[in-house]
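Take a look at the structure set out below.
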Amino acid sequence: MICNMMVAAQEKNPPKRRRSKWALLLVLPYLGLCFPQIYARATPSLWGFPFFYWYQFFWVIAASALLAVVYRKLKT
């Protein structure tokens with residue numbers, strides 16, 4: 001009987017899904033790397049690395065930072 005009441009209560013009040021605009025920041029790395037025609041070139045080079053490589057490496061660091069920011073904002 002108690003179990004039936006708990007199930008009925010859960011069906012009436014489904015858990016609310018929290019949407020946040022902070023999560024949209026996670027689209028930036030995808031968009032930054034989605035079109036290799038933009039960054040598939042050798043110049044400018046940075047410390048001897050062609051643009052193609054250091055641009056992608058930049059997005060590894062930037063994506064990690066964005067994930068940390070979004071995590072901290074959505075954690076609370």
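Numbering starts fresh at 1 for the residues of each chain in the structure tokens, the chains themselves are lettered A, B, ... in the order given, and ligands are numbered from 1 as they appear.
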
### Task
With a distance cut-off of 7 Å and only C-alpha atoms, select the neighbouring residues of Phe51 (chain A), excluding the residue or stretch itself and same-chain residues fewer than 6 positions from it, and output the selection as number ranges by chain.
A: 39, 41-45

Can you write out the residues you just picked, keeping N, CA, C and O atoms, as a PDB file, in the first residue's frame?
```
ATOM      1  N   TYR A  39      41.016  26.176 -40.109  1.00  0.00           N
ATOM      2  CA  TYR A  39      42.310  26.152 -39.406  1.00  0.00           C
ATOM      3  C   TYR A  39      43.325  25.187 -40.008  1.00  0.00           C
ATOM      4  O   TYR A  39      44.389  24.985 -39.436  1.00  0.00           O
ATOM      5  N   ARG A  41      45.949  25.047 -41.924  1.00  0.00           N
ATOM      6  CA  ARG A  41      47.032  25.785 -42.593  1.00  0.00           C
ATOM      7  C   ARG A  41      48.264  25.766 -41.690  1.00  0.00           C
ATOM      8  O   ARG A  41      48.179  25.436 -40.515  1.00  0.00           O
ATOM      9  N   ALA A  42      49.370  26.122 -42.245  1.00  0.00           N
ATOM     10  CA  ALA A  42      50.627  26.048 -41.494  1.00  0.00           C
ATOM     11  C   ALA A  42      50.966  27.352 -40.776  1.00  0.00           C
ATOM     12  O   ALA A  42      51.676  27.331 -39.772  1.00  0.00           O
ATOM     13  N   THR A  43      50.506  28.464 -41.285  1.00  0.00           N
ATOM     14  CA  THR A  43      50.861  29.749 -40.680  1.00  0.00           C
ATOM     15  C   THR A  43      49.646  30.341 -39.987  1.00  0.00           C
ATOM     16  O   THR A  43      48.516  30.119 -40.428  1.00  0.00           O
ATOM     17  N   PRO A  44      49.782  31.065 -38.947  1.00  0.00           N
ATOM     18  CA  PRO A  44      51.013  31.407 -38.227  1.00  0.00           C
ATOM     19  C   PRO A  44      51.461  30.244 -37.341  1.00  0.00           C
ATOM     20  O   PRO A  44      50.654  29.481 -36.845  1.00  0.00           O
ATOM     21  N   SER A  45      52.747  30.154 -37.172  1.00  0.00           N
ATOM     22  CA  SER A  45      53.272  29.096 -36.311  1.00  0.00           C
ATOM     23  C   SER A  45      53.558  29.676 -34.921  1.00  0.00           C
ATOM     24  O   SER A  45      53.806  30.859 -34.763  1.00  0.00           O
TER      25      SER A  45
END
```

#### Entry: CA of Pro36 (chain A) to CA of Phe52 (chain A), distance in Å rounded to a single decimal
8.6 Å

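Considering only C-alpha atoms, the residue among A:Tyr71, A:Trp59, A:Trp47, A:Tyr53 positioned nearest to Tyr30 (chain A) is A:Trp59.
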
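When only C-alpha atoms are used to compute distances to Thr76 (chain A), the closest of the residues A:Leu26, A:Ser64, A:Ser20, A:Gln37 turns out to be A:Ser20.
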
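Here CA of Val70 (chain A) stands at a distance of 6.2 Å from CA of Ala23 (chain A).
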
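The smallest atom-to-atom distance between Leu28 (chain A) and any of A:Phe57, A:Pro50, A:Lys73, A:Ala62, using only C-alpha atoms, is found for A:Ala62.
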
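CA of Arg19 (chain A) sits 20.3 Å away from CA of Ala65 (chain A).
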
### Task
Pick out the closest residue to Gln56 (chain A) from this set: A:Leu74, A:Ala40, A:Ala68, A:Leu25. Count only C-alpha atoms.
A:Ala40
